[in-house]
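entry_15.cif (mmCIF, C-alpha atoms and all ligand atoms) appears below.
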```
data_structure
#
loop_
_atom_site.group_PDB
_atom_site.id
_atom_site.type_symbol
_atom_site.label_atom_id
_atom_site.label_comp_id
_atom_site.auth_asym_id
_atom_site.auth_seq_id
_atom_site.Cartn_x
_atom_site.Cartn_y
_atom_site.Cartn_z
ATOM 1 C CA MET A 1 -3.953 36.474 24.456
ATOM 2 C CA ARG A 2 -4.175 40.096 25.503
ATOM 3 C CA LYS A 3 -1.324 41.539 27.573
ATOM 4 C CA LYS A 4 -2.135 43.035 30.966
ATOM 5 C CA ILE A 5 -1.628 46.785 31.123
ATOM 6 C CA ILE A 6 -0.846 48.449 34.432
ATOM 7 C CA ALA A 7 -0.792 52.221 34.076
ATOM 8 C CA ALA A 8 0.247 54.650 36.811
ATOM 9 C CA ASN A 9 -1.571 57.975 36.754
ATOM 10 C CA TRP A 10 0.494 60.252 38.980
ATOM 11 C CA LYS A 11 -1.902 63.182 38.456
ATOM 12 C CA MET A 12 -0.539 66.514 39.796
ATOM 13 C CA ASN A 13 1.679 64.930 42.443
ATOM 14 C CA LEU A 14 5.352 64.604 43.454
ATOM 15 C CA HIS A 15 8.277 67.015 43.651
ATOM 16 C CA VAL A 16 11.064 66.649 41.139
ATOM 17 C CA ALA A 17 13.282 64.632 43.512
ATOM 18 C CA GLN A 18 10.377 62.367 44.491
ATOM 19 C CA ALA A 19 9.558 61.758 40.842
ATOM 20 C CA GLY A 20 13.193 60.859 40.157
ATOM 21 C CA GLU A 21 13.234 58.417 43.063
ATOM 22 C CA LEU A 22 9.957 56.768 42.062
ATOM 23 C CA LEU A 23 11.139 56.443 38.458
ATOM 24 C CA ALA A 24 14.359 54.773 39.633
ATOM 25 C CA GLN A 25 12.284 52.318 41.659
ATOM 26 C CA LEU A 26 9.864 51.724 38.768
ATOM 27 C CA ALA A 27 12.814 50.815 36.581
ATOM 28 C CA THR A 28 13.581 47.860 38.825
ATOM 29 C CA ILE A 29 10.086 46.317 39.138
ATOM 30 C CA PRO A 30 10.228 42.789 37.734
ATOM 31 C CA THR A 31 7.485 42.299 35.138
ATOM 32 C CA HIS A 32 6.177 39.347 33.152
ATOM 33 C CA ALA A 33 6.656 39.481 29.391
ATOM 34 C CA THR A 34 2.874 39.623 29.175
ATOM 35 C CA THR A 35 2.576 42.771 31.306
ATOM 36 C CA GLN A 36 3.003 46.314 30.007
ATOM 37 C CA VAL A 37 3.680 48.934 32.655
ATOM 38 C CA ILE A 38 2.959 52.555 31.719
ATOM 39 C CA VAL A 39 3.603 55.657 33.795
ATOM 40 C CA ALA A 40 1.814 58.983 33.283
ATOM 41 C CA PRO A 41 3.658 61.777 35.111
ATOM 42 C CA ALA A 42 2.905 65.501 34.921
ATOM 43 C CA TYR A 43 4.155 67.162 31.722
ATOM 44 C CA VAL A 44 7.216 68.632 33.451
ATOM 45 C CA TYR A 45 8.487 65.145 34.350
ATOM 46 C CA LEU A 46 7.942 63.522 30.930
ATOM 47 C CA ALA A 47 11.469 64.092 29.568
ATOM 48 C CA GLN A 48 13.024 62.935 32.828
ATOM 49 C CA SER A 49 10.761 59.860 32.843
ATOM 50 C CA ILE A 50 11.662 58.880 29.296
ATOM 51 C CA ASN A 51 15.314 59.336 30.145
ATOM 52 C CA GLN A 52 15.261 57.324 33.345
ATOM 53 C CA LEU A 53 13.152 54.520 31.841
ATOM 54 C CA SER A 54 14.919 54.311 28.494
ATOM 55 C CA HIS A 55 16.598 50.992 29.289
ATOM 56 C CA THR A 56 13.445 49.390 30.694
ATOM 57 C CA THR A 57 10.210 48.030 29.257
ATOM 58 C CA VAL A 58 8.148 50.718 31.035
ATOM 59 C CA HIS A 59 6.388 53.091 28.635
ATOM 60 C CA VAL A 60 5.567 56.740 29.272
ATOM 61 C CA ALA A 61 2.206 58.473 28.859
ATOM 62 C CA SER A 62 1.067 62.059 29.117
ATOM 63 C CA GLN A 63 -2.003 62.799 31.239
ATOM 64 C CA ASP A 64 -3.523 65.010 28.559
ATOM 65 C CA VAL A 65 -2.806 66.594 25.178
ATOM 66 C CA SER A 66 -3.946 69.662 23.272
ATOM 67 C CA ALA A 67 -6.786 69.362 20.765
ATOM 68 C CA HIS A 68 -4.803 71.717 18.513
ATOM 69 C CA ASN A 69 -1.811 71.024 16.308
ATOM 70 C CA ASN A 70 0.232 74.140 17.102
ATOM 71 C CA GLY A 71 -0.100 77.879 17.397
ATOM 72 C CA ALA A 72 -1.237 80.523 19.854
ATOM 73 C CA TYR A 73 -2.608 78.284 22.612
ATOM 74 C CA THR A 74 -0.804 79.435 25.741
ATOM 75 C CA GLY A 75 -0.234 76.644 28.220
ATOM 76 C CA GLU A 76 -1.061 73.812 25.827
ATOM 77 C CA VAL A 77 1.186 70.919 24.776
ATOM 78 C CA SER A 78 0.727 69.344 21.351
ATOM 79 C CA ALA A 79 0.730 65.692 20.316
ATOM 80 C CA SER A 80 3.622 66.369 17.986
ATOM 81 C CA MET A 81 5.741 67.745 20.874
ATOM 82 C CA LEU A 82 4.903 64.677 22.949
ATOM 83 C CA ALA A 83 5.701 62.300 20.104
ATOM 84 C CA GLN A 84 9.058 63.967 19.458
ATOM 85 C CA LEU A 85 9.914 63.517 23.117
ATOM 86 C CA GLY A 86 9.171 59.781 22.928
ATOM 87 C CA VAL A 87 5.792 59.719 24.670
ATOM 88 C CA GLN A 88 3.912 56.619 23.495
ATOM 89 C CA TYR A 89 0.498 57.036 25.125
ATOM 90 C CA SER A 90 -1.805 59.776 26.276
ATOM 91 C CA ILE A 91 -4.636 59.571 28.784
ATOM 92 C CA ILE A 92 -7.693 61.286 27.308
ATOM 93 C CA GLY A 93 -11.112 61.815 28.820
ATOM 94 C CA HIS A 94 -10.220 61.326 32.467
ATOM 95 C CA SER A 95 -13.233 62.221 34.601
ATOM 96 C CA GLU A 96 -11.238 64.952 36.339
ATOM 97 C CA ARG A 97 -10.727 66.661 32.957
ATOM 98 C CA ARG A 98 -14.364 66.138 31.996
ATOM 99 C CA GLN A 99 -15.548 67.507 35.340
ATOM 100 C CA TYR A 100 -13.138 70.362 36.168
ATOM 101 C CA TYR A 101 -12.256 71.473 32.633
ATOM 102 C CA HIS A 102 -15.606 70.724 30.991
ATOM 103 C CA GLU A 103 -14.095 68.542 28.286
ATOM 104 C CA ASP A 104 -16.876 67.265 26.053
ATOM 105 C CA ASN A 105 -17.044 64.524 23.438
ATOM 106 C CA GLU A 106 -16.204 66.822 20.542
ATOM 107 C CA LEU A 107 -13.069 68.115 22.246
ATOM 108 C CA LEU A 108 -12.074 64.606 23.315
ATOM 109 C CA LEU A 109 -12.405 63.290 19.777
ATOM 110 C CA ASN A 110 -10.172 66.125 18.548
ATOM 111 C CA LYS A 111 -7.573 65.187 21.154
ATOM 112 C CA ILE A 112 -7.802 61.532 20.135
ATOM 113 C CA ASN A 113 -7.292 62.448 16.481
ATOM 114 C CA ARG A 114 -4.254 64.621 17.283
ATOM 115 C CA CYS A 115 -2.696 61.662 19.110
ATOM 116 C CA LEU A 116 -3.405 59.200 16.312
ATOM 117 C CA GLU A 117 -1.910 61.593 13.748
ATOM 118 C CA HIS A 118 1.341 61.385 15.718
ATOM 119 C CA ASN A 119 1.286 57.658 16.503
ATOM 120 C CA ILE A 120 0.453 58.143 20.155
ATOM 121 C CA ASN A 121 -1.761 55.431 21.616
ATOM 122 C CA VAL A 122 -4.762 56.629 23.566
ATOM 123 C CA LEU A 123 -5.829 55.527 27.011
ATOM 124 C CA PHE A 124 -9.439 56.646 26.785
ATOM 125 C CA CYS A 125 -11.368 56.906 30.050
ATOM 126 C CA VAL A 126 -15.085 56.378 30.452
ATOM 127 C CA GLY A 127 -17.134 56.216 33.627
ATOM 128 C CA GLU A 128 -20.472 57.012 35.198
ATOM 129 C CA HIS A 129 -21.335 59.107 38.244
ATOM 130 C CA LEU A 130 -22.968 57.500 41.263
ATOM 131 C CA VAL A 131 -26.401 59.030 40.575
ATOM 132 C CA GLN A 132 -26.276 57.528 37.102
ATOM 133 C CA ARG A 133 -25.480 54.063 38.462
ATOM 134 C CA ASN A 134 -28.154 54.403 41.114
ATOM 135 C CA SER A 135 -30.710 55.374 38.476
ATOM 136 C CA ASN A 136 -29.610 52.421 36.348
ATOM 137 C CA THR A 137 -28.469 54.574 33.435
ATOM 138 C CA HIS A 138 -24.799 53.593 33.728
ATOM 139 C CA PHE A 139 -24.773 51.317 30.677
ATOM 140 C CA ALA A 140 -26.381 54.002 28.496
ATOM 141 C CA ILE A 141 -23.897 56.607 29.798
ATOM 142 C CA ILE A 142 -20.865 54.481 28.972
ATOM 143 C CA LYS A 143 -22.293 53.611 25.558
ATOM 144 C CA ALA A 144 -22.828 57.302 24.744
ATOM 145 C CA GLN A 145 -19.297 58.176 25.893
ATOM 146 C CA LEU A 146 -17.937 55.606 23.422
ATOM 147 C CA VAL A 147 -20.330 56.189 20.529
ATOM 148 C CA HIS A 148 -19.570 59.927 20.345
ATOM 149 C CA THR A 149 -15.784 59.507 20.538
ATOM 150 C CA VAL A 150 -13.719 56.375 19.871
ATOM 151 C CA PHE A 151 -16.500 54.554 17.985
ATOM 152 C CA LYS A 152 -16.223 57.259 15.323
ATOM 153 C CA LEU A 153 -12.774 55.901 14.462
ATOM 154 C CA SER A 154 -12.061 53.417 11.696
ATOM 155 C CA GLU A 155 -11.158 49.862 12.684
ATOM 156 C CA GLU A 156 -7.515 50.614 11.908
ATOM 157 C CA GLU A 157 -7.518 53.730 14.102
ATOM 158 C CA PHE A 158 -9.396 52.000 16.912
ATOM 159 C CA ALA A 159 -6.524 49.479 17.194
ATOM 160 C CA ASN A 160 -4.560 52.255 18.965
ATOM 161 C CA ILE A 161 -7.137 52.752 21.698
ATOM 162 C CA ILE A 162 -7.091 51.295 25.203
ATOM 163 C CA ILE A 163 -10.326 51.778 27.115
ATOM 164 C CA ALA A 164 -10.173 52.543 30.831
ATOM 165 C CA TYR A 165 -13.435 52.009 32.684
ATOM 166 C CA GLU A 166 -13.299 54.309 35.703
ATOM 167 C CA PRO A 167 -16.547 54.724 37.619
ATOM 168 C CA VAL A 168 -16.327 58.309 38.889
ATOM 169 C CA TRP A 169 -17.630 57.302 42.322
ATOM 170 C CA ALA A 170 -14.653 54.964 42.731
ATOM 171 C CA ILE A 171 -11.893 57.423 41.828
ATOM 172 C CA GLY A 172 -9.867 58.480 44.849
ATOM 173 C CA THR A 173 -12.675 57.499 47.205
ATOM 174 C CA GLY A 174 -11.411 54.165 48.477
ATOM 175 C CA ILE A 175 -14.635 52.618 47.179
ATOM 176 C CA THR A 176 -13.802 50.147 44.436
ATOM 177 C CA ALA A 177 -16.336 48.683 42.068
ATOM 178 C CA THR A 178 -16.930 45.069 43.045
ATOM 179 C CA THR A 179 -15.411 42.520 40.690
ATOM 180 C CA LEU A 180 -18.977 41.736 39.614
ATOM 181 C CA GLN A 181 -19.762 45.375 38.778
ATOM 182 C CA ALA A 182 -16.433 45.890 36.992
ATOM 183 C CA GLN A 183 -16.518 42.637 35.004
ATOM 184 C CA GLU A 184 -20.152 43.262 34.036
ATOM 185 C CA MET A 185 -19.283 46.700 32.596
ATOM 186 C CA HIS A 186 -16.116 45.470 30.893
ATOM 187 C CA ALA A 187 -18.045 42.644 29.228
ATOM 188 C CA TYR A 188 -20.699 45.161 28.177
ATOM 189 C CA ILE A 189 -18.044 47.433 26.619
ATOM 190 C CA ARG A 190 -16.486 44.471 24.801
ATOM 191 C CA GLY A 191 -19.941 43.582 23.484
ATOM 192 C CA LEU A 192 -20.346 47.128 22.171
ATOM 193 C CA ILE A 193 -17.003 46.804 20.363
ATOM 194 C CA VAL A 194 -18.253 43.588 18.734
ATOM 195 C CA GLU A 195 -21.377 45.444 17.563
ATOM 196 C CA ARG A 196 -19.468 48.484 16.302
ATOM 197 C CA TYR A 197 -16.483 46.647 14.769
ATOM 198 C CA ASN A 198 -16.283 42.867 15.064
ATOM 199 C CA ASN A 199 -15.314 40.082 17.416
ATOM 200 C CA ILE A 200 -11.643 40.062 16.404
ATOM 201 C CA VAL A 201 -11.287 43.763 17.223
ATOM 202 C CA ALA A 202 -13.132 43.230 20.509
ATOM 203 C CA GLN A 203 -10.848 40.371 21.508
ATOM 204 C CA HIS A 204 -7.778 42.499 20.799
ATOM 205 C CA THR A 205 -8.952 45.600 22.682
ATOM 206 C CA HIS A 206 -7.557 46.200 26.141
ATOM 207 C CA ILE A 207 -10.151 47.331 28.656
ATOM 208 C CA ILE A 208 -8.566 48.270 31.966
ATOM 209 C CA TYR A 209 -10.195 49.197 35.275
ATOM 210 C CA GLY A 210 -9.533 52.302 37.370
ATOM 211 C CA GLY A 211 -10.962 53.642 40.619
ATOM 212 C CA SER A 212 -9.396 52.850 44.003
ATOM 213 C CA CYS A 213 -7.612 49.851 42.570
ATOM 214 C CA ASN A 214 -4.995 48.917 45.171
ATOM 215 C CA ALA A 215 -2.559 46.265 46.381
ATOM 216 C CA ILE A 216 -5.390 44.386 48.105
ATOM 217 C CA ASN A 217 -8.105 44.287 45.429
ATOM 218 C CA ALA A 218 -5.968 44.237 42.261
ATOM 219 C CA SER A 219 -5.500 40.482 41.879
ATOM 220 C CA GLU A 220 -9.233 39.789 42.188
ATOM 221 C CA LEU A 221 -10.074 42.478 39.611
ATOM 222 C CA PHE A 222 -7.344 41.418 37.171
ATOM 223 C CA ALA A 223 -8.510 37.787 37.344
ATOM 224 C CA CYS A 224 -11.805 38.744 35.658
ATOM 225 C CA ALA A 225 -12.106 37.618 32.041
ATOM 226 C CA ASP A 226 -12.639 41.086 30.568
ATOM 227 C CA ILE A 227 -10.393 43.153 32.867
ATOM 228 C CA ASP A 228 -7.040 43.605 31.162
ATOM 229 C CA GLY A 229 -5.250 45.523 33.881
ATOM 230 C CA GLY A 230 -5.644 48.786 35.739
ATOM 231 C CA LEU A 231 -5.263 52.544 35.708
ATOM 232 C CA ILE A 232 -3.866 53.287 39.137
ATOM 233 C CA GLY A 233 -3.953 56.711 40.791
ATOM 234 C CA GLY A 234 -3.195 56.994 44.511
ATOM 235 C CA ALA A 235 -1.616 53.552 44.865
ATOM 236 C CA SER A 236 0.820 54.246 42.025
ATOM 237 C CA LEU A 237 2.615 56.844 44.160
ATOM 238 C CA LYS A 238 3.767 54.208 46.659
ATOM 239 C CA ILE A 239 6.306 51.853 45.162
ATOM 240 C CA GLU A 240 5.460 48.914 47.477
ATOM 241 C CA ASP A 241 1.760 49.109 46.581
ATOM 242 C CA PHE A 242 2.391 49.631 42.881
ATOM 243 C CA THR A 243 4.874 46.730 42.794
ATOM 244 C CA THR A 244 2.273 44.478 44.422
ATOM 245 C CA ILE A 245 -0.306 45.609 41.846
ATOM 246 C CA VAL A 246 2.076 44.891 38.955
ATOM 247 C CA LYS A 247 2.762 41.455 40.448
ATOM 248 C CA SER A 248 -0.998 40.792 40.806
ATOM 249 C CA VAL A 249 -1.549 40.009 37.152
HETATM 250 P P1 LIG B 301 -7.416 56.260 42.087
HETATM 251 O O1 LIG B 301 -7.405 57.038 40.691
HETATM 252 O O2 LIG B 301 -6.671 54.955 41.851
HETATM 253 O O3 LIG B 301 -6.672 57.160 43.043
HETATM 254 O O4 LIG B 301 -8.826 56.029 42.463
HETATM 255 C C1 LIG B 301 -7.549 56.367 39.472
HETATM 256 C C2 LIG B 301 -7.571 57.360 38.344
HETATM 257 O O5 LIG B 301 -8.096 58.470 38.532
HETATM 258 O O6 LIG B 301 -7.062 57.071 37.256
#
```
Would you put the structure from the file into structure tokens?
Ligand code: PGA
Amino acid sequence: MRKKIIAANWKMNLHVAQAGELLAQLATIPTHATTQVIVAPAYVYLAQSINQLSHTTVHVASQDVSAHNNGAYTGEVSASMLAQLGVQYSIIGHSERRQYYHEDNELLLNKINRCLEHNINVLFCVGEHLVQRNSNTHFAIIKAQLVHTVFKLSEEEFANIIIAYEPVWAIGTGITATTLQAQEMHAYIRGLIVERYNNIVAQHTHIIYGGSCNAINASELFACADIDGGLIGGASLKIEDFTTIVKSV
């Protein structure tokens, strides 16, 4: 059976004291043995997060990574630096990075490869815009996002990938995909993994949902057969809401 993964994406939020307080609270959330909680703070809070969570089962993720190994890339942070710090996951391909920083498939695949070279698991985000869903091209969009990136990996490499389905129209908008819409896309993605790899790989792959997932809708979403947890933005900044979400699995 696949574990449930509940990942907190803090984005560019919280002051240092607030981050410290939230980390202390995260450390005390009771979790099932079958639930993996991950927190993705801003780069500047990664060391502090690893420190404060070192005696817990909560893992730490970066929100991004450089596509380069090292060198003259001012402002960038490499996978090797993250790995040395103890970061175990990196979010790659979030729609905000695709949209505001024009990250394309080629760049994303480079980032994925840098992570894999340093044993960092990848939380790879895919998602369609509203116009694409309304024009019924959402399945083709998601397929293309996978085919040009993670589906280029070998079966062994792909074992380190978690897919996050995040419809762009649901991120930070308060509009969640219905359980029907989310489950339908998750099942579609799992089917694509069967086609590309095989059924065993597909059954082992975690596909989590993100986009206005909150304390109220989480349990219904997580009860769907192909939804293996959530990538939580806004609601992960409030400990009561995030605790409820973690308990919803
Ligand atoms: P949201 O963000 O939960 O605030 O919609 C999710 C995400 O962007 O990962």
Name the residues that the PyMOL selection byres (((not hetatm)) within 8 of (chain B and resi 301)) picks from the file above, as a PyMOL selection string, using the file's chain letters and numbers. chain A and resi 8-9+11+94-96+166+170-174+176+210-214+231-236
Apply the PyMOL selection byres (((chain A and resi 116) around 10) and not hetatm) to the file shown and report the selected residues as number ranges by chain. A: 79, 89, 110-115, 117-122, 157-158, 160-161
Set the distance at 10 Å and use all atoms listed in the file: which residues neighbour Glu155 in chain A once local chain neighbours fewer than 2 positions away are removed? I'd like the list as an MDAnalysis selection string. chainID A and resid 151:153 157:160 196:198 201
Separation of CA of Ala202 in chain A from CA of Val65 in chain A in Å: 26.0 Å
Hey, what's within 12 Å of Val77 in chain A if we count all atoms listed in the file and toss same-chain stuff fewer than 5 positions away? As a list in words, please? Ala42, Tyr43, Val44, Leu46, Ser62, Gln63, Asp64, Val65, Ser66, Ala67, His68, Asn69, Asn70, Gly71, Ala72, Leu82, Ala83, Gln84, Leu85, Ser90, Lys111, Arg114 and Cys115 of chain A
